[in-house]
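query-v8.cif follows; it contains mmCIF, C-alpha atoms.
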data_model
#
loop_
_atom_site.label_atom_id
_atom_site.label_comp_id
_atom_site.auth_asym_id
_atom_site.auth_seq_id
_atom_site.Cartn_x
_atom_site.Cartn_y
_atom_site.Cartn_z
CA MET E 1 54.40 -26.70 -15.76
CA GLU E 2 54.45 -27.02 -19.52
CA GLU E 3 53.52 -30.42 -20.92
CA VAL E 4 55.25 -32.31 -23.70
CA LEU E 5 53.05 -34.08 -26.21
CA LEU E 6 53.87 -37.79 -26.18
CA GLY E 7 52.05 -40.57 -27.98
CA LYS E 8 52.35 -44.27 -27.36
CA GLN E 9 54.56 -44.60 -30.45
CA ASP E 10 56.95 -42.00 -29.00
CA LEU E 11 57.20 -44.07 -25.83
CA ARG E 12 57.78 -47.21 -27.86
CA GLU E 13 60.62 -45.52 -29.83
CA VAL E 14 62.34 -44.34 -26.65
CA THR E 15 61.89 -47.71 -24.96
CA SER E 16 63.23 -49.57 -27.98
CA PHE E 17 66.31 -47.35 -27.96
CA ALA E 18 66.80 -47.85 -24.21
CA ALA E 19 66.34 -51.63 -24.45
CA GLY E 20 68.90 -51.86 -27.24
CA CYS E 21 71.39 -49.86 -25.18
CA ALA E 22 70.88 -51.94 -22.03
CA GLU E 23 70.85 -55.28 -23.78
CA VAL E 24 74.51 -55.00 -24.75
CA VAL E 25 75.65 -55.02 -21.10
CA LEU E 26 73.45 -57.79 -19.73
CA ASP E 27 76.46 -60.10 -19.91
CA VAL E 28 78.33 -57.75 -17.54
CA PHE E 29 75.70 -58.41 -14.89
CA ALA E 30 75.44 -62.10 -15.75
CA ALA E 31 79.20 -62.54 -15.31
CA GLU E 32 78.76 -61.75 -11.63
CA ARG E 33 75.27 -63.15 -11.07
CA PRO E 34 74.51 -65.74 -13.77
CA GLU E 35 71.56 -67.14 -11.78
CA ASP E 36 69.79 -63.77 -11.45
CA PRO E 37 67.35 -63.12 -14.33
CA ARG E 38 66.01 -59.77 -13.13
CA PRO E 39 67.94 -57.36 -15.38
CA ALA E 40 67.36 -59.57 -18.44
CA ALA E 41 63.65 -59.74 -17.56
CA ALA E 42 63.52 -55.93 -17.41
CA VAL E 43 65.12 -55.61 -20.84
CA GLY E 44 62.82 -58.31 -22.20
CA ALA E 45 59.75 -56.49 -20.90
CA ALA E 46 61.03 -53.23 -22.38
CA TRP E 47 61.38 -54.93 -25.78
CA GLU E 48 57.89 -56.39 -25.43
CA PHE E 49 56.40 -52.94 -24.82
CA ALA E 50 58.48 -51.40 -27.62
CA ARG E 51 57.15 -54.02 -30.04
CA GLY E 52 53.50 -53.38 -29.23
CA GLY E 53 52.90 -54.82 -25.76
CA GLU E 54 51.05 -53.11 -22.96
CA ARG E 55 52.56 -50.67 -20.50
CA GLY E 56 51.39 -52.01 -17.19
CA LYS E 57 52.19 -53.55 -13.85
CA VAL E 58 54.56 -56.21 -15.21
CA LEU E 59 56.78 -53.57 -16.78
CA ARG E 60 56.90 -51.59 -13.55
CA ASP E 61 57.55 -54.71 -11.50
CA VAL E 62 60.51 -55.85 -13.60
CA ALA E 63 62.00 -52.34 -13.49
CA TRP E 64 61.83 -52.38 -9.68
CA ALA E 65 63.26 -55.90 -9.63
CA ALA E 66 66.24 -54.81 -11.76
CA LEU E 67 66.80 -51.91 -9.37
CA LYS E 68 66.79 -54.36 -6.46
CA ALA E 69 69.29 -56.56 -8.33
CA ALA E 70 71.54 -53.52 -8.76
CA LYS E 71 71.45 -52.89 -5.02
CA GLU E 72 72.31 -56.51 -4.24
CA VAL E 73 75.29 -56.97 -6.56
CA ASP E 74 78.83 -56.21 -5.39
CA GLY E 75 80.65 -55.20 -8.57
CA PRO E 76 80.22 -51.62 -9.78
CA ALA E 77 80.13 -52.63 -13.47
CA ALA E 78 77.43 -55.23 -12.79
CA ARG E 79 75.51 -52.62 -10.79
CA GLU E 80 75.63 -50.19 -13.72
CA ALA E 81 74.45 -52.94 -16.07
CA ALA E 82 71.46 -53.65 -13.80
CA TRP E 83 70.69 -49.93 -13.63
CA ALA E 84 70.78 -49.83 -17.44
CA ALA E 85 68.20 -52.62 -17.51
CA MET E 86 66.04 -50.82 -14.95
CA ALA E 87 66.28 -47.63 -17.01
CA ALA E 88 65.25 -49.52 -20.16
CA ALA E 89 62.04 -50.74 -18.54
CA GLY E 90 61.50 -47.33 -16.94
CA ALA E 91 61.82 -45.55 -20.29
CA ALA E 92 58.24 -46.55 -21.04
CA TYR E 93 57.22 -44.23 -18.19
CA LEU E 94 58.71 -41.04 -19.61
CA HIS E 95 56.57 -38.23 -18.20
CA PRO E 96 55.09 -35.53 -20.43
CA LEU E 97 56.52 -32.76 -18.25
CA ALA E 98 58.97 -30.32 -19.83
CA LYS E 99 61.63 -30.95 -17.18
CA ALA E 100 65.30 -31.58 -17.88
CA THR E 101 65.27 -34.51 -15.46
CA GLN E 102 63.05 -36.43 -17.90
CA VAL E 103 66.03 -36.70 -20.26
CA LYS E 104 67.31 -39.40 -17.87
CA HIS E 105 64.34 -41.57 -18.90
CA ILE E 106 65.41 -41.23 -22.52
CA LEU E 107 69.18 -41.55 -22.20
CA GLY E 108 69.71 -43.23 -18.82
CA ALA E 109 70.00 -46.78 -20.14
CA ALA E 110 72.64 -45.69 -22.65
CA ALA E 111 74.62 -43.79 -20.01
CA HIS E 112 74.55 -46.64 -17.47
CA ALA E 113 75.57 -49.10 -20.18
CA ALA E 114 78.46 -46.82 -21.18
CA ARG E 115 79.55 -46.57 -17.56
CA ALA E 116 79.37 -50.36 -17.19
CA VAL E 117 81.72 -50.98 -20.12
CA GLU E 118 83.95 -48.17 -18.90
CA LEU E 119 84.28 -49.87 -15.51
CA VAL E 120 84.96 -53.25 -17.14
CA ALA E 121 87.82 -51.50 -18.98
CA GLY E 122 89.31 -50.24 -15.71
CA GLY E 123 87.52 -46.89 -15.76
CA ASP E 124 88.76 -45.82 -19.20
CA PRO E 125 86.52 -42.88 -20.23
CA SER E 126 87.31 -43.42 -23.92
CA VAL E 127 85.55 -46.80 -23.71
CA GLY E 128 82.45 -45.10 -22.27
CA SER E 129 82.54 -42.50 -25.02
CA GLY E 130 82.87 -45.26 -27.60
CA GLN E 131 79.79 -46.96 -26.18
CA LEU E 132 77.92 -43.65 -26.37
CA ALA E 133 78.89 -43.35 -30.03
CA LEU E 134 77.25 -46.73 -30.63
CA ALA E 135 74.16 -45.54 -28.76
CA ALA E 136 74.04 -42.38 -30.84
CA ARG E 137 74.00 -44.48 -34.00
CA ARG E 138 71.19 -46.58 -32.51
CA ALA E 139 69.04 -43.49 -31.83
CA THR E 140 66.33 -43.20 -34.46
CA PRO E 141 65.02 -39.86 -35.73
CA GLY E 142 61.96 -40.54 -33.54
CA VAL E 143 64.12 -40.77 -30.41
CA VAL E 144 65.91 -37.54 -31.31
CA ASP E 145 62.56 -35.84 -31.95
CA VAL E 146 61.28 -36.84 -28.51
CA LEU E 147 64.54 -35.76 -26.87
CA ARG E 148 64.32 -32.31 -28.46
CA ARG E 149 60.89 -31.77 -26.86
CA TYR E 150 62.62 -31.59 -23.47
CA PRO E 151 65.14 -29.14 -22.05
CA ALA E 152 68.80 -30.19 -22.19
CA ALA E 153 69.98 -32.76 -19.64
CA PRO E 154 70.53 -31.37 -16.15
CA GLY E 155 73.85 -30.98 -14.38
CA GLY E 156 75.03 -33.31 -11.65
CA GLY E 157 74.74 -37.07 -11.48
CA GLY E 158 78.45 -37.88 -11.36
CA ARG E 159 79.98 -39.79 -14.24
CA VAL E 160 76.64 -41.18 -15.44
CA GLY E 161 75.23 -37.65 -15.48
CA ALA E 162 78.21 -36.53 -17.56
CA LEU E 163 77.61 -39.39 -19.99
CA ILE E 164 73.93 -38.43 -20.27
CA ARG E 165 74.92 -34.83 -21.08
CA GLU E 166 77.52 -35.99 -23.61
CA LEU E 167 74.98 -38.12 -25.47
CA ASP E 168 72.30 -35.42 -25.15
CA GLU E 169 74.59 -32.88 -26.84
CA VAL E 170 75.51 -35.28 -29.66
CA LEU E 171 71.91 -36.19 -30.41
CA ARG E 172 70.61 -32.61 -30.28
CA ARG E 173 73.22 -31.55 -32.88
CA ARG E 174 71.74 -33.92 -35.46
#
Please go through the file and, once you have read it, give me the structure as C-alpha cells.
Amino acid sequence: MEEVLLGKQDLREVTSFAAGCAEVVLDVFAAERPEDPRPAAAVGAAWEFARGGERGKVLRDVAWAALKAAKEVDGPAAREAAWAAMAAAGAAYLHPLAKATQVKHILGAAAHAARAVELVAGGDPSVGSGQLALAARRATPGVVDVLRRYPAAPGGGGRVGALIRELDEVLRRR
C-alpha cells in the first residue's frame, strides 16, 4: 500500500480544522447532557494537540470517551455532536496510508457537525450544507493540501458519508 507523507504539522493542521468544526456543536450535546463533559474534553484535547501538545494516551482516551458518550445519549443530534467531538480528537491519528477511508479522519468532524445542525433543524439538508460551507471556509490551505494527498472520499456512510463527499469535492476544487 502506498504511503502518504505526513508531518506533525500536517496532523496539527487537520486536527485544528476538525476541532473548530466540532466545537460549534458542543452546545447541541450539552443541551441534552449538560453534566457530561466528555465531548468537550475531546475537543479540548484536540485543540491542545493542534496548538503544540503531545499526541498520546490522553488524546486517545478522550476520543474513546466521546464515542461512549455518543452511544449513551438518546437524541440523534446530540449523538452526532458527540461523534464530531470524537472525530476531532481522532483526527490527530490520521494514518499515512493512501486509502480513501482516511478522508473520514480529515472531514469527519465537519460532516458530523453538519448532520447535528441539520437534525436540530428538523432534518433540513440545506442547513447541513450551510454548515459545510462554514467548514470549507475554515479549511486552511494546509488542510486542503493534506486532503489532496489521499484518494477522494469513499461511497457509503449514509447522510454523514454524503456530507463528507460534498465537503471533499468542494475542498478539492480549490
Please write the residues picked by the PyMOL selection byres ((chain E and resi 109) around 10) on this file as number ranges by chain.
E: 15, 17-23, 80-91, 104-108, 110-115, 135, 160, 164
Can you list, as an MDAnalysis selection string, the residues that the PyMOL selection byres ((chain E and resi 53-61) around 12) selects here?
chainID E and resid 8:9 11:12 15:16 38:39 41:52 62:68 85:94
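The smallest atom-to-atom distance between Ala116 (chain E) and any of E:Leu132, E:Leu97, E:Ala40, E:Ala152, using only C-alpha atoms, is found for E:Leu132.
Distances to His95 (chain E) were evaluated for E:Arg165, E:Val24, E:Val170, E:Arg149 using only C-alpha atoms, and the minimum falls at E:Arg149.
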Hits from the PyMOL selection byres ((chain E and resi 120) around 12), listed as number ranges by chain
E: 25, 27-29, 31-32, 75-81, 113-119, 121-125, 127-128
When you look at Leu147 (chain E) with a cut-off of 12 Å (counting only C-alpha atoms), what residues show up, excluding the ones that are within fewer than 4 positions of it in the same chain? I need them as a ChimeraX atom specification.
/E:4-6,10-11,13-14,17,94,96,98-107,139-143,151-153,164-165,167-174
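One finds CA of Arg138 (chain E) at 18.5 Å from CA of Ser126 (chain E).
Atom pair CA of Leu163 (chain E) / CA of Ala70 (chain E) has a distance of 19.0 Å (rounded to one decimal).
For the pair CA of Arg159 (chain E) and CA of Glu72 (chain E), the separation is 20.9 Å.
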Keeping just C-alpha atoms, export region 10-135 of chain E of this structure as a PDB file, in the first residue's frame.
ATOM      1  CA  ASP E  10       0.123  18.344   8.901  1.00  0.00           C
ATOM      2  CA  LEU E  11      -1.584  16.461  11.719  1.00  0.00           C
ATOM      3  CA  ARG E  12      -1.864  19.650  13.753  1.00  0.00           C
ATOM      4  CA  GLU E  13      -3.489  21.496  10.798  1.00  0.00           C
ATOM      5  CA  VAL E  14      -6.043  18.730  10.268  1.00  0.00           C
ATOM      6  CA  THR E  15      -6.768  18.457  13.989  1.00  0.00           C
ATOM      7  CA  SER E  16      -7.192  22.209  14.336  1.00  0.00           C
ATOM      8  CA  PHE E  17      -9.686  22.175  11.468  1.00  0.00           C
ATOM      9  CA  ALA E  18     -11.572  19.233  12.992  1.00  0.00           C
ATOM     10  CA  ALA E  19     -11.645  20.810  16.463  1.00  0.00           C
ATOM     11  CA  GLY E  20     -13.019  24.058  15.059  1.00  0.00           C
ATOM     12  CA  CYS E  21     -15.746  22.166  13.221  1.00  0.00           C
ATOM     13  CA  ALA E  22     -16.744  20.080  16.250  1.00  0.00           C
ATOM     14  CA  GLU E  23     -16.596  22.936  18.727  1.00  0.00           C
ATOM     15  CA  VAL E  24     -19.559  24.691  17.137  1.00  0.00           C
ATOM     16  CA  VAL E  25     -21.936  21.831  18.011  1.00  0.00           C
ATOM     17  CA  LEU E  26     -20.839  21.110  21.569  1.00  0.00           C
ATOM     18  CA  ASP E  27     -23.897  23.018  22.763  1.00  0.00           C
ATOM     19  CA  VAL E  28     -26.117  20.545  20.878  1.00  0.00           C
ATOM     20  CA  PHE E  29     -24.765  17.748  23.051  1.00  0.00           C
ATOM     21  CA  ALA E  30     -24.786  19.888  26.198  1.00  0.00           C
ATOM     22  CA  ALA E  31     -28.464  20.734  25.685  1.00  0.00           C
ATOM     23  CA  GLU E  32     -29.276  17.073  26.274  1.00  0.00           C
ATOM     24  CA  ARG E  33     -26.484  16.163  28.686  1.00  0.00           C
ATOM     25  CA  PRO E  34     -25.206  19.338  30.386  1.00  0.00           C
ATOM     26  CA  GLU E  35     -23.439  17.324  33.106  1.00  0.00           C
ATOM     27  CA  ASP E  36     -21.413  15.208  30.651  1.00  0.00           C
ATOM     28  CA  PRO E  37     -18.026  16.790  29.822  1.00  0.00           C
ATOM     29  CA  ARG E  38     -16.717  14.034  27.550  1.00  0.00           C
ATOM     30  CA  PRO E  39     -17.299  15.595  24.106  1.00  0.00           C
ATOM     31  CA  ALA E  40     -15.995  18.975  25.291  1.00  0.00           C
ATOM     32  CA  ALA E  41     -12.931  17.239  26.756  1.00  0.00           C
ATOM     33  CA  ALA E  42     -12.280  15.565  23.396  1.00  0.00           C
ATOM     34  CA  VAL E  43     -12.449  18.881  21.558  1.00  0.00           C
ATOM     35  CA  GLY E  44     -10.261  20.498  24.211  1.00  0.00           C
ATOM     36  CA  ALA E  45      -7.634  17.781  23.839  1.00  0.00           C
ATOM     37  CA  ALA E  46      -7.765  18.143  20.053  1.00  0.00           C
ATOM     38  CA  TRP E  47      -7.112  21.885  20.412  1.00  0.00           C
ATOM     39  CA  GLU E  48      -4.263  21.181  22.812  1.00  0.00           C
ATOM     40  CA  PHE E  49      -2.578  18.865  20.299  1.00  0.00           C
ATOM     41  CA  ALA E  50      -3.238  21.289  17.429  1.00  0.00           C
ATOM     42  CA  ARG E  51      -1.535  24.068  19.398  1.00  0.00           C
ATOM     43  CA  GLY E  52       1.620  22.084  20.099  1.00  0.00           C
ATOM     44  CA  GLY E  53       0.688  19.452  22.675  1.00  0.00           C
ATOM     45  CA  GLU E  54       1.627  15.812  22.542  1.00  0.00           C
ATOM     46  CA  ARG E  55      -0.272  13.119  20.699  1.00  0.00           C
ATOM     47  CA  GLY E  56      -0.612  10.421  23.296  1.00  0.00           C
ATOM     48  CA  LYS E  57      -2.795   8.335  25.544  1.00  0.00           C
ATOM     49  CA  VAL E  58      -4.886  11.243  26.854  1.00  0.00           C
ATOM     50  CA  LEU E  59      -5.952  12.195  23.339  1.00  0.00           C
ATOM     51  CA  ARG E  60      -6.930   8.616  22.542  1.00  0.00           C
ATOM     52  CA  ASP E  61      -8.760   8.235  25.844  1.00  0.00           C
ATOM     53  CA  VAL E  62     -10.887  11.359  25.380  1.00  0.00           C
ATOM     54  CA  ALA E  63     -11.752  10.290  21.825  1.00  0.00           C
ATOM     55  CA  TRP E  64     -12.989   6.923  23.132  1.00  0.00           C
ATOM     56  CA  ALA E  65     -14.870   8.672  25.937  1.00  0.00           C
ATOM     57  CA  ALA E  66     -16.660  10.936  23.432  1.00  0.00           C
ATOM     58  CA  LEU E  67     -17.599   7.858  21.417  1.00  0.00           C
ATOM     59  CA  LYS E  68     -19.026   6.277  24.566  1.00  0.00           C
ATOM     60  CA  ALA E  69     -20.979   9.482  25.263  1.00  0.00           C
ATOM     61  CA  ALA E  70     -22.425   9.288  21.752  1.00  0.00           C
ATOM     62  CA  LYS E  71     -23.600   5.742  22.400  1.00  0.00           C
ATOM     63  CA  GLU E  72     -25.234   6.734  25.690  1.00  0.00           C
ATOM     64  CA  VAL E  73     -27.193   9.777  24.532  1.00  0.00           C
ATOM     65  CA  ASP E  74     -30.761   9.449  23.232  1.00  0.00           C
ATOM     66  CA  GLY E  75     -31.118  12.335  20.794  1.00  0.00           C
ATOM     67  CA  PRO E  76     -29.727  11.861  17.280  1.00  0.00           C
ATOM     68  CA  ALA E  77     -28.461  15.463  17.042  1.00  0.00           C
ATOM     69  CA  ALA E  78     -26.628  15.138  20.364  1.00  0.00           C
ATOM     70  CA  ARG E  79     -25.188  11.821  19.183  1.00  0.00           C
ATOM     71  CA  GLU E  80     -23.856  13.453  16.004  1.00  0.00           C
ATOM     72  CA  ALA E  81     -22.342  16.268  18.077  1.00  0.00           C
ATOM     73  CA  ALA E  82     -20.529  13.729  20.279  1.00  0.00           C
ATOM     74  CA  TRP E  83     -19.318  11.896  17.176  1.00  0.00           C
ATOM     75  CA  ALA E  84     -17.998  15.207  15.841  1.00  0.00           C
ATOM     76  CA  ALA E  85     -16.033  15.651  19.066  1.00  0.00           C
ATOM     77  CA  MET E  86     -14.706  12.096  18.858  1.00  0.00           C
ATOM     78  CA  ALA E  87     -13.682  12.705  15.243  1.00  0.00           C
ATOM     79  CA  ALA E  88     -11.877  15.916  16.233  1.00  0.00           C
ATOM     80  CA  ALA E  89      -9.706  14.080  18.744  1.00  0.00           C
ATOM     81  CA  GLY E  90      -9.271  11.186  16.319  1.00  0.00           C
ATOM     82  CA  ALA E  91      -8.065  13.497  13.547  1.00  0.00           C
ATOM     83  CA  ALA E  92      -4.660  13.546  15.216  1.00  0.00           C
ATOM     84  CA  TYR E  93      -4.406   9.851  14.306  1.00  0.00           C
ATOM     85  CA  LEU E  94      -4.761  10.252  10.553  1.00  0.00           C
ATOM     86  CA  HIS E  95      -2.883   7.303   9.058  1.00  0.00           C
ATOM     87  CA  PRO E  96      -0.288   7.777   6.308  1.00  0.00           C
ATOM     88  CA  LEU E  97      -1.968   5.173   4.096  1.00  0.00           C
ATOM     89  CA  ALA E  98      -3.269   6.272   0.705  1.00  0.00           C
ATOM     90  CA  LYS E  99      -6.772   4.951   1.379  1.00  0.00           C
ATOM     91  CA  ALA E 100      -9.993   6.842   0.699  1.00  0.00           C
ATOM     92  CA  THR E 101     -11.294   5.875   4.140  1.00  0.00           C
ATOM     93  CA  GLN E 102      -8.666   8.144   5.718  1.00  0.00           C
ATOM     94  CA  VAL E 103     -10.583  11.150   4.377  1.00  0.00           C
ATOM     95  CA  LYS E 104     -13.045  10.488   7.224  1.00  0.00           C
ATOM     96  CA  HIS E 105     -10.281  11.412   9.690  1.00  0.00           C
ATOM     97  CA  ILE E 106      -9.886  14.749   7.923  1.00  0.00           C
ATOM     98  CA  LEU E 107     -13.524  15.646   7.261  1.00  0.00           C
ATOM     99  CA  GLY E 108     -15.495  13.508   9.717  1.00  0.00           C
ATOM    100  CA  ALA E 109     -15.831  16.146  12.429  1.00  0.00           C
ATOM    101  CA  ALA E 110     -17.169  18.652   9.903  1.00  0.00           C
ATOM    102  CA  ALA E 111     -19.656  16.145   8.483  1.00  0.00           C
ATOM    103  CA  HIS E 112     -20.954  15.029  11.889  1.00  0.00           C
ATOM    104  CA  ALA E 113     -21.286  18.661  12.966  1.00  0.00           C
ATOM    105  CA  ALA E 114     -23.227  19.436   9.779  1.00  0.00           C
ATOM    106  CA  ARG E 115     -25.512  16.478  10.411  1.00  0.00           C
ATOM    107  CA  ALA E 116     -26.057  17.604  14.007  1.00  0.00           C
ATOM    108  CA  VAL E 117     -27.252  21.067  12.976  1.00  0.00           C
ATOM    109  CA  GLU E 118     -29.308  19.518  10.195  1.00  0.00           C
ATOM    110  CA  LEU E 119     -31.109  17.322  12.734  1.00  0.00           C
ATOM    111  CA  VAL E 120     -31.662  20.271  15.082  1.00  0.00           C
ATOM    112  CA  ALA E 121     -33.348  21.983  12.112  1.00  0.00           C
ATOM    113  CA  GLY E 122     -35.709  19.050  11.606  1.00  0.00           C
ATOM    114  CA  GLY E 123     -33.531  17.266   9.056  1.00  0.00           C
ATOM    115  CA  ASP E 124     -33.254  20.193   6.641  1.00  0.00           C
ATOM    116  CA  PRO E 125     -30.374  19.310   4.270  1.00  0.00           C
ATOM    117  CA  SER E 126     -29.843  22.965   3.353  1.00  0.00           C
ATOM    118  CA  VAL E 127     -28.818  23.627   6.975  1.00  0.00           C
ATOM    119  CA  GLY E 128     -26.236  20.834   6.760  1.00  0.00           C
ATOM    120  CA  SER E 129     -24.915  22.229   3.503  1.00  0.00           C
ATOM    121  CA  GLY E 130     -24.699  25.674   5.076  1.00  0.00           C
ATOM    122  CA  GLN E 131     -22.650  24.237   7.933  1.00  0.00           C
ATOM    123  CA  LEU E 132     -20.356  22.577   5.389  1.00  0.00           C
ATOM    124  CA  ALA E 133     -19.872  25.934   3.682  1.00  0.00           C
ATOM    125  CA  LEU E 134     -18.662  27.329   7.011  1.00  0.00           C
ATOM    126  CA  ALA E 135     -16.323  24.356   7.395  1.00  0.00           C
TER     127      ALA E 135
END
